[in-house]
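Report on the structure given below.
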There are 4 protein chains.
Amino acid sequence: MRYDQIVDKGLRILRDAGIEHWLNLGAETQSQNRLNREYLDSLTFEMRILGDGKWADTHTNLLGVDLPAPIMPAALTVSRIINKLAMWEDPWLELFASGVAQAGSIMFVGMSTTYELQRIIDRGAPVVKIVKPLQDNEAILHRIKDAQARCAVAFGIDIDAMYLEKAFDETPGPPFLGPKSIDELKRFRDATSLPFIVKGVLSVRDALLARDELGANCLVVSNHGGEAIDYSVPVLKVLPEIRAAVPELTILVDSGFKRGTDVLKALALGADGVCFGNLLLLAFVARGAEGVAEMLDILRRELQRNMSITGARTIAGIDSSIIRTL
Amino acid sequence: MRYDQIVDKGLRILRDAGIEHWLNLGAETQSQNRLNREYLDSLTFEMRILGDGKWADTHTNLLGVDLPAPIMPAALTVSRIINKLAMWEDPWLELFASGVAQAGSIMFVGMSTTYELQRIIDRGAPVVKIVKPLQDNEAILHRIKDAQARCAVAFGIDIDAMYLEKAFDETPGPPFLGPKSIDELKRFRDATSLPFIVKGVLSVRDALLARDELGANCLVVSNHGGEAIDYSVPVLKVLPEIRAAVPELTILVDSGFKRGTDVLKALALGADGVCFGNLLLLAFVARGAEGVAEMLDILRRELQRNMSITGARTIAGIDSSIIRTL
Amino acid sequence: MRYDQIVDKGLRILRDAGIEHWLNLGAETQSQNRLNREYLDSLTFEMRILGDGKWADTHTNLLGVDLPAPIMPAALTVSRIINKLAMWEDPWLELFASGVAQAGSIMFVGMSTTYELQRIIDRGAPVVKIVKPLQDNEAILHRIKDAQARCAVAFGIDIDAMYLEKAFDETPGPPFLGPKSIDELKRFRDATSLPFIVKGVLSVRDALLARDELGANCLVVSNHGGEAIDYSVPVLKVLPEIRAAVPELTILVDSGFKRGTDVLKALALGADGVCFGNLLLLAFVARGAEGVAEMLDILRRELQRNMSITGARTIAGIDSSIIRTL
Amino acid sequence: MRYDQIVDKGLRILRDAGIEHWLNLGAETQSQNRLNREYLDSLTFEMRILGDGKWADTHTNLLGVDLPAPIMPAALTVSRIINKLAMWEDPWLELFASGVAQAGSIMFVGMSTTYELQRIIDRGAPVVKIVKPLQDNEAILHRIKDAQARCAVAFGIDIDAMYLEKAFDETPGPPFLGPKSIDELKRFRDATSLPFIVKGVLSVRDALLARDELGANCLVVSNHGGEAIDYSVPVLKVLPEIRAAVPELTILVDSGFKRGTDVLKALALGADGVCFGNLLLLAFVARGAEGVAEMLDILRRELQRNMSITGARTIAGIDSSIIRTL
């Protein structure tokens, strides 16, 4: 199926189930997805076609894993809503993980039991475990050790999750979450030899603290898909400053990315990879594991074409000067 | 009730009574609320989450009063329209004042008789009295002495009220109002030992004159909720210049503020407090005194969450560099 | 009647007659009125209220005539369309001139016979005669001498009228018009001792040529109400440059001005007066001569209020720094 | 017929045939035509009317051909869709070429057989042949020699055509196309003594390579009518940089131009000529060869009027300072 066909089918299913609003969450006035999109839309590309006459190479290595393209799912959590959408043969997140494995990408897992995590791992894709800031620090430490024992490729924590709220029911972050001090986060970091990911960075200040105080290896520059502070600065506006401040860290982005051009903009402005949440959920809702694999491959092909037109031969060779601000 | 539920209920009641347009007044083309909103919408936030792992403290002291948050009602006047909306057990402004007292905020009172003022004071919240520029100077002086005798915490004057007009019926300011010279205003200021508030400042020039010629202690940077000059400069655009010009004055803002993010933007750009008119009236219309108290508390919690996400530990510690202009 | 009532009535009459599109002419894509409005809308005002406590004085002198305010009609031409709208007791342009006389303003007359011109003059307002660039130079010279003999206060020429076209029927300027060389224009200028007005200036270059080559006393900075070149630069964007280049000339503006705030913006940016075409025609259509006088007075009062709020005591005292660009 | 009448009739015919979407192609989100238009719309003109009182002269010489104006069709390809729209007496592209000949312009031909090319040439207009990057290099060389033998005035290649895709069916460029290396392109260039055109340039980098490595005589700055990379930089934004980099080359532009003002903007910013695709196809659909000739003449007259208003006496005399950015 084509991009539009997959998206349209997924949207139709959500609409029929009365849960379409679930795709556009956000605090107070739900400004974030709109602002992120407007900023993405203000960036255009030069074309740089003349060259060796070859198609661009999208392969890359992220967190020690070789990938066909720097395109991954965002961290997803077992959700009862999606489980109810259809009579899935298996828990939906496991099916989703099969699609990720089929596409050769990395699976990012949010909240899960150790049993669920193992079943997701069994689907075959390398797994990154992202834990939420549970009030119970021991529970976090337990998850870290469990993830390491199960050979996750990296471990991370959502530092903003306790502040999230959803406009349509104005519920702040779940009560079992809470803010963590730098000392507490350091304790989590020290409990594992896995690469450590800090997710929810949206300032140079936090990027520097994550590197210097927490020893983070990887940042996810993100407004949590629109659920962090209302009117958060657009992800790609702050990304170049963060890249300049922590040049040696792996930087992923998520929140509102939709197409191959979005990926190329993020890579040109400093990201090493781009994570997709809602889009891959739509693909899954539309077509199950196959839809996830298809969509990851569509995005890879869009990126390849866009890199080719802008003169990039490799991911490392993407030139930031192709971006022209309107 | 949640924010949206309160607002929707208030709007529905006004709409059913055929007076919804009363929420969007404004001279000539009614540009001001739109321009204020567009300017607010152009300001975004960095997130600065990493720190001590504690929630922000919103307490402050304004005009000598300890407050749970720098969030207050704008000066309201006894309005026959609202009195007719329901069979209120008591005059609506007194009920409103009860809600303010319940939330621990300051009550701002506009036009009122001395009898009405006392009954509002009896509701228990500290009271600020704001007079309009009546043509009769003795009447103003009488109100000043009366307010002081009743232990108001501050006294102020609307310097723009004689120029106001409402687009939908194009009525200029009421005929019993008139412009005041600096000498006349000085006479009012000298008649009281209360802190003196100049309301309707929208330029550095007027801020300096208010401080240097009138000895004002507090300014309200405001376009009078959209009723001052059509195409007035947005409140937050001129606020940082005024803050820089009169660093020692207390500065409040009003006109078009709606959410906790709006409050944080105002505080970051130089305000000490934010006053809400229409929003609290809607809350009152929806739920009476309880609605006012609820809404003041919702705004306080939104401010607390937003301060926490942007790294402010206290009101004084709000860092203006969290604001990123689009 | 109030502003909105007059405009609404006029619009309704035009709509009922099927000629509402006549209010928004313009070449190719009709961009000009939209661009002019967008530029006007990007300008806001500081408030400067503190002062002597007096209302502003809008009186001025233009082209040797004392006026209650620098607000005038644009040059109008006898139009058969308007004549057919109602059973006017007299030719509509003469009735219109009565309204102008009643308001104490100057009447600007476009195409007219010498007989019509005299009848318009007889209505009592000082008259400015603006001729179109007729191909027949002798006819122009005849009109100049006739206007001077009838004691017009000034004489002018539309330099852009042969290029005009209307989008809805794409008719270029009437065939009896044609471009004039500087030498021809000089000949017209030399034929009269009246103040000489060049209308249709929209660049510093033409302003300098008009002054230095033609000896013009007055410019009308204008895009001919939207009918000149599609995508003409907004009138107020180029006005300050023209004012700086020819500081000693009288500068009028027209094209798309609607309210007292528009007038104050034009005066602050360098204009000496503002001419209204469509708005006064609407007022005339709605209420005849009385409507014209009423609308001129409404605009004067709006200007007075806006000057008072921004601290201008007189027309000469309007301070350009009150304008704040968004 | 007038401009709007021709366009409306063409649109109606396409709509009735269910192929209106064919006018707004584009990759991923179809952003390009919208962005090009927004950029065009941000450019306005000064008026410079005072001068010699003569109408501007639009004549020019492009690729060795004297033209009434620098206005031409974009390269068109025999399309079965258009063939089916009506019972054309001859293949539509040949009829189209008759209209071009009638207007005295140059015919640009895309994909065609040698037989079709000859029949198009027989219609009488000078012909430019533009090939697509066929995978089969020999086929390209064959077309080059054939075009030269048939006395085409120039030969060119679409360097971006293999990357094109259409949003509504997401089909990437046809499978018989493929990217060409600089060496391959040089081989094509060396195979002919005709002027060599590189079409699909949208960066200074490619402009310099086209001149220095390929020996190109002429560039077409273009996003292929919206089908190149999604979010390509607007054509007129990059045009002045390309003009400055390769001052001696002939530069044509296409993609989204619609009116005489668009042409004047392109010429003022560095183009030597402007090509129209969709607009002339609409004119052809509406009125056949006659429509093409009419529309080319309407555009010429619009350009003449616009040049006259902005003070340009000749194409070479167009002054870039007439452009004012909003």
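Identifiers for the structure tokens are assigned positionally: chains receive A, B, ... in sequence, residues are indexed from 1 per chain, and ligands are indexed from 1 in the order shown.
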Val153 of chain B surroundings by only C-alpha atoms, 9 Å radius, close-in-sequence under 4 positions cut, as number ranges by chain: B: 63-65, 126-129, 147-148, 194-195
I need the residues from that last selection saved to file as a short mmCIF file (atom, residue, chain, number, x, y, z; two decimals), in the first residue's frame (with N, CA, C and O atoms), if you can.
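Resulting contents of out18.cif:
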```
data_model
loop_
_atom_site.label_atom_id
_atom_site.label_comp_id
_atom_site.auth_asym_id
_atom_site.auth_seq_id
_atom_site.Cartn_x
_atom_site.Cartn_y
_atom_site.Cartn_z
N LEU B 63 1.93 43.66 46.73
CA LEU B 63 1.25 44.76 47.44
C LEU B 63 1.13 44.44 48.93
O LEU B 63 0.14 44.79 49.58
N GLY B 64 2.16 43.75 49.44
CA GLY B 64 2.18 43.44 50.87
C GLY B 64 1.36 42.23 51.26
O GLY B 64 1.26 41.90 52.44
N VAL B 65 0.80 41.54 50.30
CA VAL B 65 -0.07 40.39 50.59
C VAL B 65 0.62 39.10 50.14
O VAL B 65 1.11 39.02 49.01
N PRO B 126 -8.15 40.41 50.79
CA PRO B 126 -7.60 41.77 50.72
C PRO B 126 -8.13 42.43 49.45
O PRO B 126 -8.32 41.77 48.44
N VAL B 127 -8.41 43.76 49.53
CA VAL B 127 -9.07 44.43 48.41
C VAL B 127 -8.21 45.57 47.88
O VAL B 127 -7.63 46.34 48.65
N VAL B 128 -8.12 45.64 46.56
CA VAL B 128 -7.52 46.79 45.87
C VAL B 128 -8.65 47.55 45.20
O VAL B 128 -9.49 46.95 44.53
N LYS B 129 -8.68 48.86 45.37
CA LYS B 129 -9.75 49.67 44.79
C LYS B 129 -9.18 50.45 43.59
O LYS B 129 -8.18 51.16 43.72
N ALA B 147 -11.63 54.23 50.63
CA ALA B 147 -10.90 52.97 50.47
C ALA B 147 -9.84 52.83 51.55
O ALA B 147 -9.65 51.76 52.14
N GLN B 148 -9.15 53.95 51.83
CA GLN B 148 -8.11 53.89 52.86
C GLN B 148 -8.73 53.59 54.23
O GLN B 148 -8.21 52.76 54.98
N LEU B 194 -1.77 54.86 50.82
CA LEU B 194 -1.81 53.50 50.26
C LEU B 194 -0.87 53.42 49.05
O LEU B 194 -0.60 54.42 48.39
N PRO B 195 -0.40 52.22 48.74
CA PRO B 195 0.32 52.04 47.47
C PRO B 195 -0.58 52.52 46.32
O PRO B 195 -1.79 52.25 46.33
#
```
message: Give me the residues near segment 212-220 of chain B as number ranges by chain, where near means some atom within 10 Å (using only C-alpha atoms) and where sequence neighbours in that chain fewer than 4 positions away do not count.
response: B: 62-63, 74, 154-158, 182-190, 194-202, 206-208, 224, 242, 246, 248-254, 271-275; C: 50
task: Please identify every residue of chain A that has at least one atom no more than 7 Å from any atom of chain B, counting only C-alpha atoms, and report them as a list in words.
output: Asp160, Tyr163, Glu170, Pro179, Lys180, Ser181, Ile182, Leu202, Ser203, Arg205, Asp206, Ile229, Asp230, Tyr231, Ser232 and Val233 of chain A
field: Every residue of segment 166-289 of chain B that DSSP places in alpha helix (DSSP H), as an MDAnalysis selection string
entry: chainID B and resid 182:190 204:212 235:245 260:268 278:289
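Picture a line from atom CA of Thr314 of chain D to atom CA of Leu67 of chain D; it runs 12.9 Å.
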- prompt: If you count only C-alpha atoms, which residues fall within 12 Å of Leu279 of chain D, apart from same-chain ones fewer than 2 positions away, as a ChimeraX atom specification?
  reply: /D:3-4,6-11,23-24,71-74,225,254-259,275-277,281-286,291-296,298-299
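Of the listed residues (B:Leu76, B:Leu269, B:Leu85, B:Leu209), B:Leu269 comes nearest to Val235 of chain B; the distances count only C-alpha atoms.
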field: Backbone DSSP call of strand (DSSP E or B) for segment 93-323 of chain C, listed as an MDAnalysis selection string
entry: chainID C and resid 107:109 127:131 134 154:158 165:166 171:172 177 181 196:201 218:221 232 250:253 273:276 323
Output for the residues just chosen: C-alpha atoms as a PDB file, in the first residue's frame:
```pdb
ATOM      1  CA  MET C 107     -14.011  68.286  -2.433  1.00  0.00           C
ATOM      2  CA  PHE C 108     -11.803  66.418  -4.911  1.00  0.00           C
ATOM      3  CA  VAL C 109     -13.282  66.119  -8.404  1.00  0.00           C
ATOM      4  CA  VAL C 127     -12.576  72.137  -4.788  1.00  0.00           C
ATOM      5  CA  VAL C 128      -9.471  70.355  -6.064  1.00  0.00           C
ATOM      6  CA  LYS C 129      -9.623  69.268  -9.706  1.00  0.00           C
ATOM      7  CA  ILE C 130      -7.789  66.085 -10.693  1.00  0.00           C
ATOM      8  CA  VAL C 131      -7.632  65.403 -14.410  1.00  0.00           C
ATOM      9  CA  LEU C 134      -6.286  62.308 -21.667  1.00  0.00           C
ATOM     10  CA  ALA C 154      -5.437  73.153  -6.613  1.00  0.00           C
ATOM     11  CA  PHE C 155      -5.053  71.209  -9.832  1.00  0.00           C
ATOM     12  CA  GLY C 156      -3.666  67.731 -10.265  1.00  0.00           C
ATOM     13  CA  ILE C 157      -3.160  64.858 -12.654  1.00  0.00           C
ATOM     14  CA  ASP C 158      -3.462  61.094 -12.217  1.00  0.00           C
ATOM     15  CA  GLU C 165      -7.230  47.598 -15.270  1.00  0.00           C
ATOM     16  CA  LYS C 166      -9.975  45.869 -13.417  1.00  0.00           C
ATOM     17  CA  THR C 171     -10.290  46.066 -19.328  1.00  0.00           C
ATOM     18  CA  PRO C 172      -7.153  48.161 -19.458  1.00  0.00           C
ATOM     19  CA  LEU C 177      -6.081  57.943 -21.997  1.00  0.00           C
ATOM     20  CA  SER C 181       6.117  62.366 -20.874  1.00  0.00           C
ATOM     21  CA  PHE C 196       0.042  71.322  -8.680  1.00  0.00           C
ATOM     22  CA  ILE C 197      -0.735  67.807  -7.479  1.00  0.00           C
ATOM     23  CA  VAL C 198       0.837  64.637  -8.876  1.00  0.00           C
ATOM     24  CA  LYS C 199      -1.360  61.662  -8.037  1.00  0.00           C
ATOM     25  CA  GLY C 200      -0.184  58.058  -8.292  1.00  0.00           C
ATOM     26  CA  VAL C 201       3.284  58.280  -6.773  1.00  0.00           C
ATOM     27  CA  CYS C 218       1.672  68.080  -3.521  1.00  0.00           C
ATOM     28  CA  LEU C 219       1.857  64.322  -4.071  1.00  0.00           C
ATOM     29  CA  VAL C 220      -0.845  61.725  -3.638  1.00  0.00           C
ATOM     30  CA  VAL C 221       0.862  58.488  -2.621  1.00  0.00           C
ATOM     31  CA  SER C 232       2.065  47.236  -5.778  1.00  0.00           C
ATOM     32  CA  THR C 250       2.362  68.273   0.932  1.00  0.00           C
ATOM     33  CA  ILE C 251       1.712  64.526   0.862  1.00  0.00           C
ATOM     34  CA  LEU C 252      -1.735  63.000   0.738  1.00  0.00           C
ATOM     35  CA  VAL C 253      -2.451  59.272   0.698  1.00  0.00           C
ATOM     36  CA  GLY C 273      -3.813  64.159   4.888  1.00  0.00           C
ATOM     37  CA  VAL C 274      -5.782  61.033   4.029  1.00  0.00           C
ATOM     38  CA  CYS C 275      -8.348  60.664   1.246  1.00  0.00           C
ATOM     39  CA  PHE C 276     -11.233  58.182   1.366  1.00  0.00           C
ATOM     40  CA  ILE C 323       4.069  53.250  15.785  1.00  0.00           C
TER      41      ILE C 323
END
```
